[in-house]
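Below is start_34.cif, holding mmCIF, N, CA and C atoms.
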```
data_input
loop_
_atom_site.label_atom_id
_atom_site.label_comp_id
_atom_site.auth_asym_id
_atom_site.auth_seq_id
_atom_site.Cartn_x
_atom_site.Cartn_y
_atom_site.Cartn_z
N MET A 19 13.72 1.14 14.02
CA MET A 19 12.59 0.30 13.64
C MET A 19 12.78 -0.17 12.19
N GLU A 20 12.58 -1.46 11.99
CA GLU A 20 12.68 -2.04 10.66
C GLU A 20 11.48 -1.60 9.82
N CYS A 21 11.73 -1.41 8.54
CA CYS A 21 10.63 -1.01 7.66
C CYS A 21 9.78 -2.21 7.30
N SER A 22 8.49 -2.05 7.31
CA SER A 22 7.55 -3.11 6.99
C SER A 22 7.59 -3.41 5.51
N SER A 23 7.30 -4.68 5.15
CA SER A 23 7.30 -5.01 3.74
C SER A 23 6.40 -6.20 3.44
N LEU A 24 6.15 -6.38 2.17
CA LEU A 24 5.45 -7.56 1.68
C LEU A 24 6.02 -7.92 0.32
N LYS A 25 5.79 -9.16 -0.07
CA LYS A 25 6.28 -9.63 -1.37
C LYS A 25 5.19 -9.48 -2.42
N GLY A 26 5.61 -9.16 -3.62
CA GLY A 26 4.68 -9.06 -4.73
C GLY A 26 5.40 -9.22 -6.05
N LYS A 27 4.67 -9.73 -7.03
CA LYS A 27 5.22 -9.91 -8.37
C LYS A 27 4.83 -8.70 -9.21
N VAL A 28 5.82 -8.07 -9.83
CA VAL A 28 5.56 -6.90 -10.67
C VAL A 28 4.89 -7.39 -11.96
N MET A 29 3.66 -6.96 -12.19
CA MET A 29 2.89 -7.38 -13.35
C MET A 29 3.04 -6.43 -14.53
N LYS A 30 2.95 -5.13 -14.24
CA LYS A 30 3.11 -4.14 -15.31
C LYS A 30 3.36 -2.78 -14.70
N ILE A 31 3.83 -1.88 -15.54
CA ILE A 31 4.08 -0.50 -15.16
C ILE A 31 3.32 0.38 -16.15
N LYS A 32 2.61 1.35 -15.63
CA LYS A 32 1.88 2.30 -16.48
C LYS A 32 2.45 3.69 -16.24
N GLU A 33 2.91 4.32 -17.30
CA GLU A 33 3.49 5.66 -17.17
C GLU A 33 2.46 6.64 -16.65
N GLY A 34 2.95 7.60 -15.86
CA GLY A 34 2.09 8.63 -15.30
C GLY A 34 2.37 9.97 -15.95
N ALA A 35 2.57 10.97 -15.11
CA ALA A 35 2.80 12.33 -15.59
C ALA A 35 4.11 12.42 -16.36
N GLY A 36 4.06 13.17 -17.44
CA GLY A 36 5.26 13.36 -18.25
C GLY A 36 5.28 14.72 -18.91
N TYR A 37 6.46 15.09 -19.36
CA TYR A 37 6.63 16.36 -20.06
C TYR A 37 7.85 16.25 -20.94
N GLU A 38 7.70 16.59 -22.21
CA GLU A 38 8.79 16.58 -23.18
C GLU A 38 9.58 15.26 -23.14
N ASP A 39 8.87 14.16 -23.33
CA ASP A 39 9.44 12.82 -23.40
C ASP A 39 10.08 12.34 -22.10
N LYS A 40 9.85 12.99 -20.98
CA LYS A 40 10.34 12.52 -19.68
C LYS A 40 9.14 12.18 -18.81
N VAL A 41 9.16 10.97 -18.23
CA VAL A 41 8.09 10.51 -17.35
C VAL A 41 8.53 10.78 -15.91
N TYR A 42 7.63 11.35 -15.11
CA TYR A 42 7.97 11.76 -13.75
C TYR A 42 7.40 10.86 -12.66
N ASP A 43 6.39 10.07 -12.97
CA ASP A 43 5.85 9.12 -12.00
C ASP A 43 5.20 7.98 -12.77
N GLN A 44 4.80 6.95 -12.03
CA GLN A 44 4.21 5.79 -12.68
C GLN A 44 3.31 5.04 -11.71
N CYS A 45 2.55 4.14 -12.28
CA CYS A 45 1.67 3.27 -11.51
C CYS A 45 2.19 1.85 -11.72
N VAL A 46 2.44 1.15 -10.63
CA VAL A 46 3.00 -0.20 -10.69
C VAL A 46 1.94 -1.19 -10.21
N PHE A 47 1.69 -2.22 -11.01
CA PHE A 47 0.72 -3.26 -10.66
C PHE A 47 1.48 -4.44 -10.08
N ILE A 48 1.11 -4.80 -8.85
CA ILE A 48 1.79 -5.86 -8.10
C ILE A 48 0.79 -6.98 -7.81
N GLU A 49 1.18 -8.23 -8.11
CA GLU A 49 0.36 -9.37 -7.72
C GLU A 49 0.82 -9.84 -6.35
N LEU A 50 -0.11 -9.87 -5.41
CA LEU A 50 0.18 -10.29 -4.04
C LEU A 50 0.24 -11.81 -3.95
N PRO A 51 0.80 -12.35 -2.87
CA PRO A 51 0.88 -13.80 -2.72
C PRO A 51 -0.47 -14.53 -2.80
N ASP A 52 -1.57 -13.83 -2.50
CA ASP A 52 -2.90 -14.47 -2.57
C ASP A 52 -3.53 -14.35 -3.96
N GLY A 53 -2.78 -13.79 -4.94
CA GLY A 53 -3.26 -13.69 -6.31
C GLY A 53 -3.96 -12.39 -6.65
N LYS A 54 -4.28 -11.56 -5.66
CA LYS A 54 -4.90 -10.26 -5.95
C LYS A 54 -3.86 -9.32 -6.53
N VAL A 55 -4.33 -8.41 -7.38
CA VAL A 55 -3.44 -7.42 -7.98
C VAL A 55 -3.86 -6.04 -7.48
N ILE A 56 -2.88 -5.30 -6.97
CA ILE A 56 -3.13 -3.92 -6.56
C ILE A 56 -2.17 -3.02 -7.32
N ASP A 57 -2.60 -1.78 -7.51
CA ASP A 57 -1.72 -0.81 -8.15
C ASP A 57 -1.22 0.17 -7.11
N LEU A 58 0.02 0.59 -7.29
CA LEU A 58 0.69 1.48 -6.35
C LEU A 58 1.24 2.69 -7.09
N PHE A 59 1.06 3.85 -6.49
CA PHE A 59 1.60 5.07 -7.07
C PHE A 59 3.10 5.11 -6.77
N ASP A 60 3.91 5.19 -7.79
CA ASP A 60 5.37 5.18 -7.65
C ASP A 60 5.91 6.54 -8.09
N SER A 61 5.92 7.48 -7.15
CA SER A 61 6.34 8.85 -7.47
C SER A 61 7.86 8.95 -7.65
N GLU A 62 8.60 8.00 -7.13
CA GLU A 62 10.06 8.04 -7.21
C GLU A 62 10.62 7.17 -8.32
N MET A 63 9.73 6.51 -9.10
CA MET A 63 10.15 5.64 -10.20
C MET A 63 11.10 4.54 -9.69
N LEU A 64 10.70 3.90 -8.59
CA LEU A 64 11.53 2.88 -7.94
C LEU A 64 11.55 1.55 -8.70
N VAL A 65 10.48 1.26 -9.42
CA VAL A 65 10.39 0.00 -10.16
C VAL A 65 10.80 0.26 -11.61
N HIS A 66 11.67 -0.61 -12.12
CA HIS A 66 12.19 -0.48 -13.48
C HIS A 66 11.61 -1.58 -14.36
N PRO A 67 11.52 -1.36 -15.66
CA PRO A 67 10.94 -2.36 -16.57
C PRO A 67 11.57 -3.75 -16.47
N ASP A 68 12.86 -3.84 -16.11
CA ASP A 68 13.48 -5.16 -15.98
C ASP A 68 12.98 -5.95 -14.78
N MET A 69 12.17 -5.32 -13.93
CA MET A 69 11.59 -6.00 -12.77
C MET A 69 10.26 -6.68 -13.10
N ILE A 70 9.69 -6.40 -14.26
CA ILE A 70 8.41 -7.01 -14.64
C ILE A 70 8.57 -8.54 -14.66
N GLY A 71 7.65 -9.21 -13.98
CA GLY A 71 7.69 -10.66 -13.87
C GLY A 71 8.47 -11.18 -12.68
N LYS A 72 9.16 -10.29 -11.97
CA LYS A 72 9.95 -10.70 -10.81
C LYS A 72 9.19 -10.45 -9.51
N VAL A 73 9.46 -11.30 -8.52
CA VAL A 73 8.92 -11.11 -7.18
C VAL A 73 9.90 -10.24 -6.41
N ILE A 74 9.38 -9.16 -5.84
CA ILE A 74 10.22 -8.23 -5.09
C ILE A 74 9.59 -7.95 -3.73
N ASP A 75 10.41 -7.47 -2.80
CA ASP A 75 9.92 -6.99 -1.51
C ASP A 75 9.71 -5.49 -1.62
N VAL A 76 8.55 -5.03 -1.17
CA VAL A 76 8.23 -3.61 -1.23
C VAL A 76 7.66 -3.14 0.10
N THR A 77 7.84 -1.86 0.36
CA THR A 77 7.15 -1.22 1.47
C THR A 77 6.07 -0.34 0.87
N ILE A 78 4.86 -0.51 1.38
CA ILE A 78 3.70 0.25 0.92
C ILE A 78 3.32 1.24 2.02
N ASP A 79 3.02 2.45 1.62
CA ASP A 79 2.58 3.48 2.56
C ASP A 79 1.18 3.94 2.15
N VAL A 80 0.23 3.69 3.03
CA VAL A 80 -1.16 4.11 2.81
C VAL A 80 -1.36 5.38 3.62
N PHE A 81 -1.73 6.46 2.96
CA PHE A 81 -1.87 7.70 3.72
C PHE A 81 -3.14 8.46 3.36
N ILE A 82 -3.35 9.50 4.16
CA ILE A 82 -4.57 10.29 4.09
C ILE A 82 -5.76 9.33 4.00
N SER A 83 -5.81 8.45 4.97
CA SER A 83 -6.78 7.37 4.93
C SER A 83 -7.82 7.52 6.05
N ARG A 84 -8.90 6.83 5.87
CA ARG A 84 -9.92 6.73 6.91
C ARG A 84 -9.72 5.37 7.55
N ILE A 85 -9.72 5.34 8.87
CA ILE A 85 -9.46 4.10 9.59
C ILE A 85 -10.60 3.83 10.57
N GLU A 86 -11.06 2.57 10.56
CA GLU A 86 -12.09 2.14 11.51
C GLU A 86 -11.54 1.02 12.37
N LYS A 87 -11.81 1.08 13.67
CA LYS A 87 -11.48 -0.04 14.54
C LYS A 87 -12.47 -1.17 14.26
N LEU A 88 -11.99 -2.39 14.29
CA LEU A 88 -12.84 -3.56 14.06
C LEU A 88 -13.13 -4.26 15.39
N PRO A 89 -14.34 -4.76 15.56
CA PRO A 89 -14.70 -5.42 16.83
C PRO A 89 -14.07 -6.82 16.96
N GLU A 90 -13.66 -7.40 15.83
CA GLU A 90 -13.05 -8.73 15.88
C GLU A 90 -11.94 -8.81 14.85
N PRO A 91 -11.04 -9.78 14.98
CA PRO A 91 -9.91 -9.90 14.06
C PRO A 91 -10.34 -10.10 12.61
N LYS A 92 -9.67 -9.37 11.72
CA LYS A 92 -9.87 -9.54 10.28
C LYS A 92 -8.58 -9.10 9.59
N TYR A 93 -8.15 -9.92 8.63
CA TYR A 93 -6.95 -9.63 7.87
C TYR A 93 -7.28 -9.62 6.38
N GLY A 94 -6.51 -8.85 5.60
CA GLY A 94 -6.65 -8.94 4.16
C GLY A 94 -6.42 -7.63 3.44
N ILE A 95 -6.35 -7.76 2.11
CA ILE A 95 -6.20 -6.60 1.23
C ILE A 95 -7.25 -6.76 0.13
N GLU A 96 -8.09 -5.73 -0.02
CA GLU A 96 -9.11 -5.73 -1.07
C GLU A 96 -8.71 -4.70 -2.12
N ALA A 97 -8.49 -5.17 -3.33
CA ALA A 97 -8.11 -4.27 -4.41
C ALA A 97 -9.33 -3.47 -4.87
N ALA A 98 -9.11 -2.21 -5.17
CA ALA A 98 -10.19 -1.34 -5.64
C ALA A 98 -10.50 -1.63 -7.10
N LEU A 99 -11.76 -1.84 -7.39
CA LEU A 99 -12.20 -2.07 -8.77
C LEU A 99 -13.30 -1.07 -9.12
N THR A 100 -13.34 -0.69 -10.37
CA THR A 100 -14.44 0.14 -10.84
C THR A 100 -15.60 -0.78 -11.21
N LYS A 101 -16.73 -0.22 -11.56
CA LYS A 101 -17.89 -1.01 -11.95
C LYS A 101 -17.61 -1.86 -13.19
N GLU A 102 -16.73 -1.38 -14.04
CA GLU A 102 -16.41 -2.10 -15.27
C GLU A 102 -15.38 -3.21 -15.04
N GLY A 103 -14.90 -3.38 -13.78
CA GLY A 103 -13.92 -4.41 -13.49
C GLY A 103 -12.48 -3.97 -13.71
N GLU A 104 -12.30 -2.72 -14.10
CA GLU A 104 -10.95 -2.21 -14.28
C GLU A 104 -10.45 -1.63 -12.96
N TYR A 105 -9.16 -1.71 -12.75
CA TYR A 105 -8.61 -1.14 -11.53
C TYR A 105 -8.65 0.38 -11.58
N LYS A 106 -8.91 0.99 -10.43
CA LYS A 106 -8.85 2.44 -10.35
C LYS A 106 -7.39 2.85 -10.49
N LYS A 107 -7.16 4.05 -10.95
CA LYS A 107 -5.79 4.47 -11.22
C LYS A 107 -5.05 4.95 -9.97
N ARG A 108 -3.77 4.76 -10.00
CA ARG A 108 -2.83 5.33 -9.03
C ARG A 108 -3.08 4.98 -7.58
N GLY A 109 -3.43 3.75 -7.29
CA GLY A 109 -3.49 3.30 -5.92
C GLY A 109 -4.64 3.82 -5.08
N TYR A 110 -5.67 4.37 -5.69
CA TYR A 110 -6.80 4.91 -4.92
C TYR A 110 -7.80 3.82 -4.60
N GLY A 111 -8.31 3.82 -3.37
CA GLY A 111 -9.46 3.02 -3.04
C GLY A 111 -9.23 1.62 -2.50
N HIS A 112 -7.99 1.18 -2.34
CA HIS A 112 -7.76 -0.14 -1.76
C HIS A 112 -8.17 -0.14 -0.29
N VAL A 113 -8.54 -1.31 0.21
CA VAL A 113 -8.93 -1.45 1.62
C VAL A 113 -8.03 -2.50 2.26
N PHE A 114 -7.43 -2.15 3.38
CA PHE A 114 -6.51 -3.03 4.09
C PHE A 114 -7.07 -3.31 5.48
N SER A 115 -7.06 -4.57 5.89
CA SER A 115 -7.52 -4.96 7.22
C SER A 115 -6.41 -5.72 7.92
N GLY A 116 -6.30 -5.50 9.22
CA GLY A 116 -5.28 -6.23 9.96
C GLY A 116 -5.08 -5.69 11.36
N LYS A 117 -3.99 -6.16 11.94
CA LYS A 117 -3.66 -5.86 13.34
C LYS A 117 -2.50 -4.87 13.38
N ILE A 118 -2.63 -3.86 14.23
CA ILE A 118 -1.53 -2.91 14.42
C ILE A 118 -0.45 -3.61 15.22
N GLU A 119 0.70 -3.80 14.57
CA GLU A 119 1.83 -4.51 15.19
C GLU A 119 2.76 -3.57 15.93
N ASP A 120 2.84 -2.33 15.46
CA ASP A 120 3.75 -1.37 16.07
C ASP A 120 3.29 0.03 15.67
N ILE A 121 3.81 1.02 16.39
CA ILE A 121 3.52 2.42 16.09
C ILE A 121 4.86 3.15 16.00
N ASP A 122 5.13 3.72 14.84
CA ASP A 122 6.35 4.48 14.62
C ASP A 122 6.06 5.93 14.99
N LYS A 123 6.37 6.27 16.25
CA LYS A 123 6.02 7.60 16.76
C LYS A 123 6.85 8.70 16.10
N SER A 124 8.07 8.39 15.69
CA SER A 124 8.91 9.42 15.10
C SER A 124 8.39 9.88 13.73
N ASN A 125 7.66 8.99 13.02
CA ASN A 125 7.11 9.33 11.71
C ASN A 125 5.59 9.36 11.70
N ALA A 126 4.96 9.16 12.85
CA ALA A 126 3.49 9.15 12.98
C ALA A 126 2.85 8.15 12.03
N LYS A 127 3.38 6.91 12.03
CA LYS A 127 2.86 5.85 11.16
C LYS A 127 2.50 4.63 12.00
N LEU A 128 1.48 3.92 11.53
CA LEU A 128 1.10 2.65 12.12
C LEU A 128 1.68 1.55 11.26
N ILE A 129 2.14 0.47 11.87
CA ILE A 129 2.61 -0.69 11.13
C ILE A 129 1.50 -1.73 11.23
N LEU A 130 0.90 -2.07 10.09
CA LEU A 130 -0.27 -2.94 10.05
C LEU A 130 0.08 -4.28 9.41
N ASP A 131 -0.20 -5.36 10.15
CA ASP A 131 -0.03 -6.72 9.62
C ASP A 131 -1.32 -7.11 8.93
N THR A 132 -1.25 -7.32 7.61
CA THR A 132 -2.44 -7.69 6.83
C THR A 132 -2.57 -9.20 6.65
N ASN A 133 -1.61 -9.95 7.20
CA ASN A 133 -1.51 -11.40 7.06
C ASN A 133 -0.98 -11.78 5.68
N ILE A 134 -0.75 -10.80 4.82
CA ILE A 134 -0.10 -11.01 3.52
C ILE A 134 1.28 -10.36 3.59
N GLY A 135 1.42 -9.43 4.48
CA GLY A 135 2.64 -8.67 4.71
C GLY A 135 2.29 -7.45 5.53
N GLU A 136 3.31 -6.73 5.94
CA GLU A 136 3.09 -5.52 6.72
C GLU A 136 3.14 -4.29 5.82
N ILE A 137 2.32 -3.30 6.18
CA ILE A 137 2.30 -2.04 5.45
C ILE A 137 2.40 -0.89 6.43
N LEU A 138 2.75 0.27 5.94
CA LEU A 138 2.74 1.49 6.73
C LEU A 138 1.42 2.20 6.50
N VAL A 139 0.89 2.78 7.54
CA VAL A 139 -0.35 3.56 7.42
C VAL A 139 -0.10 4.92 8.08
N THR A 140 -0.37 5.97 7.34
CA THR A 140 -0.24 7.32 7.87
C THR A 140 -1.65 7.88 8.09
N PRO A 141 -2.13 7.82 9.34
CA PRO A 141 -3.49 8.31 9.61
C PRO A 141 -3.52 9.83 9.72
N ASN A 142 -4.74 10.36 9.73
CA ASN A 142 -4.91 11.79 9.99
C ASN A 142 -4.41 12.10 11.39
N LYS A 143 -3.94 13.30 11.61
CA LYS A 143 -3.41 13.70 12.92
C LYS A 143 -4.43 13.49 14.03
N GLU A 144 -5.69 13.75 13.72
CA GLU A 144 -6.74 13.61 14.73
C GLU A 144 -6.94 12.15 15.14
N GLU A 145 -6.68 11.22 14.22
CA GLU A 145 -6.90 9.80 14.48
C GLU A 145 -5.70 9.11 15.11
N TYR A 146 -4.53 9.63 14.89
CA TYR A 146 -3.29 8.95 15.24
C TYR A 146 -3.27 8.44 16.69
N ASN A 147 -3.62 9.27 17.63
CA ASN A 147 -3.53 8.90 19.05
C ASN A 147 -4.63 7.98 19.54
N SER A 148 -5.60 7.67 18.69
CA SER A 148 -6.70 6.81 19.14
C SER A 148 -6.44 5.33 18.89
N PHE A 149 -5.25 4.98 18.38
CA PHE A 149 -4.93 3.59 18.09
C PHE A 149 -3.83 3.07 18.99
N GLN A 150 -3.89 1.76 19.25
CA GLN A 150 -2.90 1.10 20.10
C GLN A 150 -2.40 -0.16 19.41
N ILE A 151 -1.23 -0.59 19.81
CA ILE A 151 -0.71 -1.87 19.33
C ILE A 151 -1.71 -2.95 19.72
N GLY A 152 -2.04 -3.82 18.78
CA GLY A 152 -2.99 -4.91 19.02
C GLY A 152 -4.39 -4.63 18.50
N ASP A 153 -4.70 -3.37 18.20
CA ASP A 153 -6.01 -3.04 17.63
C ASP A 153 -6.14 -3.64 16.23
N PHE A 154 -7.34 -4.16 15.93
CA PHE A 154 -7.64 -4.57 14.56
C PHE A 154 -8.37 -3.42 13.90
N VAL A 155 -7.94 -3.08 12.68
CA VAL A 155 -8.49 -1.92 11.99
C VAL A 155 -8.73 -2.25 10.52
N LYS A 156 -9.58 -1.42 9.92
CA LYS A 156 -9.83 -1.45 8.47
C LYS A 156 -9.43 -0.08 7.96
N VAL A 157 -8.54 -0.06 6.95
CA VAL A 157 -7.98 1.17 6.42
C VAL A 157 -8.50 1.38 5.00
N PHE A 158 -9.14 2.50 4.78
CA PHE A 158 -9.66 2.88 3.46
C PHE A 158 -8.66 3.87 2.87
N ALA A 159 -7.93 3.44 1.86
CA ALA A 159 -6.84 4.25 1.32
C ALA A 159 -7.33 5.35 0.40
N SER A 160 -6.87 6.55 0.67
CA SER A 160 -7.05 7.63 -0.30
C SER A 160 -6.03 7.46 -1.40
N ARG A 161 -4.83 7.01 -1.01
CA ARG A 161 -3.80 6.68 -1.99
C ARG A 161 -2.85 5.68 -1.36
N THR A 162 -2.35 4.77 -2.18
CA THR A 162 -1.41 3.76 -1.74
C THR A 162 -0.13 3.95 -2.54
N ASP A 163 0.94 4.30 -1.82
CA ASP A 163 2.21 4.62 -2.47
C ASP A 163 3.22 3.51 -2.31
N LEU A 164 4.05 3.36 -3.32
CA LEU A 164 5.21 2.51 -3.22
C LEU A 164 6.28 3.34 -2.52
N PHE A 165 6.65 2.93 -1.32
CA PHE A 165 7.55 3.71 -0.48
C PHE A 165 9.00 3.28 -0.66
N ARG A 166 9.21 1.95 -0.78
CA ARG A 166 10.58 1.44 -0.89
C ARG A 166 10.56 0.09 -1.61
N VAL A 167 11.63 -0.19 -2.35
CA VAL A 167 11.80 -1.48 -3.02
C VAL A 167 13.11 -2.06 -2.51
N TYR A 168 13.09 -3.35 -2.15
CA TYR A 168 14.29 -4.02 -1.65
C TYR A 168 14.79 -4.99 -2.70
N ASP A 169 16.08 -4.99 -2.93
CA ASP A 169 16.67 -5.92 -3.89
C ASP A 169 16.94 -7.26 -3.27
#
```

Render the structure in this file as structure tokens.
Amino acid sequence: MECSSLKGKVMKIKEGAGYEDKVYDQCVFIELPDGKVIDLFDSEMLVHPDMIGKVIDVTIDVFISRIEKLPEPKYGIEAALTKEGEYKKRGYGHVFSGKIEDIDKSNAKLILDTNIGEILVTPNKEEYNSFQIGDFVKVFASRTDLFRVYD
């Protein structure tokens, strides 16, 4: 199965956890094709400073999420904002809507078409078997991770 991806422009990188001048993770801000900016937790440090300003293909993995079936088609990505208009840190709170295009049974992931690109969704074990290809769902992310970057 091909890995799902979407295009985004790297806007900025914010250092995360560090110890003795070494940074171990980061938060990457990506501008989507529709102009929205979302932040992604990059635990593997996949994005480098020379990528800022460049459009790249990325795979996003939304996990430990709450998922609702939708009664009618809806697509999109809603970036999480605090009351002050600042983005929440480390990919928490984004909402993704779209159609389940495929189910990766070997990794227990749903492939969701958001109409901006495809993302991976890792539902709770209890929820996994209640979804089918073609279902429209709304995914409330506990965390949104940068899973892979394509050159």

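Pairwise distance (atom CA of A:Asp79, atom C of A:Gly34) equals 19.6 Å.
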
Worksheet item: Do you know which residues are at most 12 Å from A:Asn142 counting only C-alpha atoms, after dropping those on the same chain fewer than 4 positions away, and could you put them as number ranges by chain?
Response: A: 80-85, 126-128, 146-149, 157, 159-160

Kindly save the residues from that selection, with N, CA and C atoms included, as a CSV table (one decimal), in the frame of the given file.
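And here's again_22.csv as it stands now:
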```
chain,number,residue,atom,x,y,z
A,80,VAL,N,0.2,3.7,3.0
A,80,VAL,CA,-1.2,4.1,2.8
A,80,VAL,C,-1.4,5.4,3.6
A,81,PHE,N,-1.7,6.5,3.0
A,81,PHE,CA,-1.9,7.7,3.7
A,81,PHE,C,-3.1,8.5,3.4
A,82,ILE,N,-3.4,9.5,4.2
A,82,ILE,CA,-4.6,10.3,4.1
A,82,ILE,C,-5.8,9.3,4.0
A,83,SER,N,-5.8,8.4,5.0
A,83,SER,CA,-6.8,7.4,4.9
A,83,SER,C,-7.8,7.5,6.0
A,84,ARG,N,-8.9,6.8,5.9
A,84,ARG,CA,-9.9,6.7,6.9
A,84,ARG,C,-9.7,5.4,7.6
A,85,ILE,N,-9.7,5.3,8.9
A,85,ILE,CA,-9.5,4.1,9.6
A,85,ILE,C,-10.6,3.8,10.6
A,126,ALA,N,5.0,9.2,12.8
A,126,ALA,CA,3.5,9.2,13.0
A,126,ALA,C,2.8,8.2,12.0
A,127,LYS,N,3.4,6.9,12.0
A,127,LYS,CA,2.9,5.8,11.2
A,127,LYS,C,2.5,4.6,12.0
A,128,LEU,N,1.5,3.9,11.5
A,128,LEU,CA,1.1,2.6,12.1
A,128,LEU,C,1.7,1.6,11.3
A,146,TYR,N,-4.5,9.6,14.9
A,146,TYR,CA,-3.3,9.0,15.2
A,146,TYR,C,-3.3,8.4,16.7
A,147,ASN,N,-3.6,9.3,17.6
A,147,ASN,CA,-3.5,8.9,19.0
A,147,ASN,C,-4.6,8.0,19.5
A,148,SER,N,-5.6,7.7,18.7
A,148,SER,CA,-6.7,6.8,19.1
A,148,SER,C,-6.4,5.3,18.9
A,149,PHE,N,-5.2,5.0,18.4
A,149,PHE,CA,-4.9,3.6,18.1
A,149,PHE,C,-3.8,3.1,19.0
A,157,VAL,N,-8.5,-0.1,7.0
A,157,VAL,CA,-8.0,1.2,6.4
A,157,VAL,C,-8.5,1.4,5.0
A,159,ALA,N,-7.9,3.4,1.9
A,159,ALA,CA,-6.8,4.2,1.3
A,159,ALA,C,-7.3,5.4,0.4
A,160,SER,N,-6.9,6.6,0.7
A,160,SER,CA,-7.0,7.6,-0.3
A,160,SER,C,-6.0,7.5,-1.4
```

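Closest approach to A:Leu50 among A:Leu24, A:Glu62, A:Ile118, A:Val139 is made by A:Leu24 (distances from all atoms listed in the file).
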
Worksheet entry | Expected answer as a PyMOL selection string: strand (DSSP E) residues in chain A | chain A and resi 24-33+36-37+40-41+44-49+55-60+73-87+94-96+113-122+127-131+136-141+154-158+161-168

Practice prompt. Find the residue from A:Ile48, A:Ala97, A:Val167, A:Leu138 that sits nearest to A:Leu64; use only N, CA and C atoms when measuring.
Written response: A:Val167

Fill in: Distance criterion (all atoms listed in the file): nearest to A:Ser23 out of A:Ile78, A:Ile70, A:Ala35, A:Val55
A:Ile78

Using the chain letters and numbers from this file, what does the PyMOL selection byres ((chain A and resi 91) around 8) select? Give the answer as a short mmCIF file (atom, residue, chain, number, x, y, z; two decimals) with N, CA and C atoms, in the frame of the given file.
```
data_model
loop_
_atom_site.label_atom_id
_atom_site.label_comp_id
_atom_site.auth_asym_id
_atom_site.auth_seq_id
_atom_site.Cartn_x
_atom_site.Cartn_y
_atom_site.Cartn_z
N LEU A 88 -11.99 -2.39 14.29
CA LEU A 88 -12.84 -3.56 14.06
C LEU A 88 -13.13 -4.26 15.39
N PRO A 89 -14.34 -4.76 15.56
CA PRO A 89 -14.70 -5.42 16.83
C PRO A 89 -14.07 -6.82 16.96
N GLU A 90 -13.66 -7.40 15.83
CA GLU A 90 -13.05 -8.73 15.88
C GLU A 90 -11.94 -8.81 14.85
N LYS A 92 -9.67 -9.37 11.72
CA LYS A 92 -9.87 -9.54 10.28
C LYS A 92 -8.58 -9.10 9.59
N TYR A 93 -8.15 -9.92 8.63
CA TYR A 93 -6.95 -9.63 7.87
C TYR A 93 -7.28 -9.62 6.38
N SER A 115 -7.06 -4.57 5.89
CA SER A 115 -7.52 -4.96 7.22
C SER A 115 -6.41 -5.72 7.92
N GLY A 116 -6.30 -5.50 9.22
CA GLY A 116 -5.28 -6.23 9.96
C GLY A 116 -5.08 -5.69 11.36
N LYS A 117 -3.99 -6.16 11.94
CA LYS A 117 -3.66 -5.86 13.34
C LYS A 117 -2.50 -4.87 13.38
N ASP A 153 -4.70 -3.37 18.20
CA ASP A 153 -6.01 -3.04 17.63
C ASP A 153 -6.14 -3.64 16.23
N PHE A 154 -7.34 -4.16 15.93
CA PHE A 154 -7.64 -4.57 14.56
C PHE A 154 -8.37 -3.42 13.90
N VAL A 155 -7.94 -3.08 12.68
CA VAL A 155 -8.49 -1.92 11.99
C VAL A 155 -8.73 -2.25 10.52
#
```
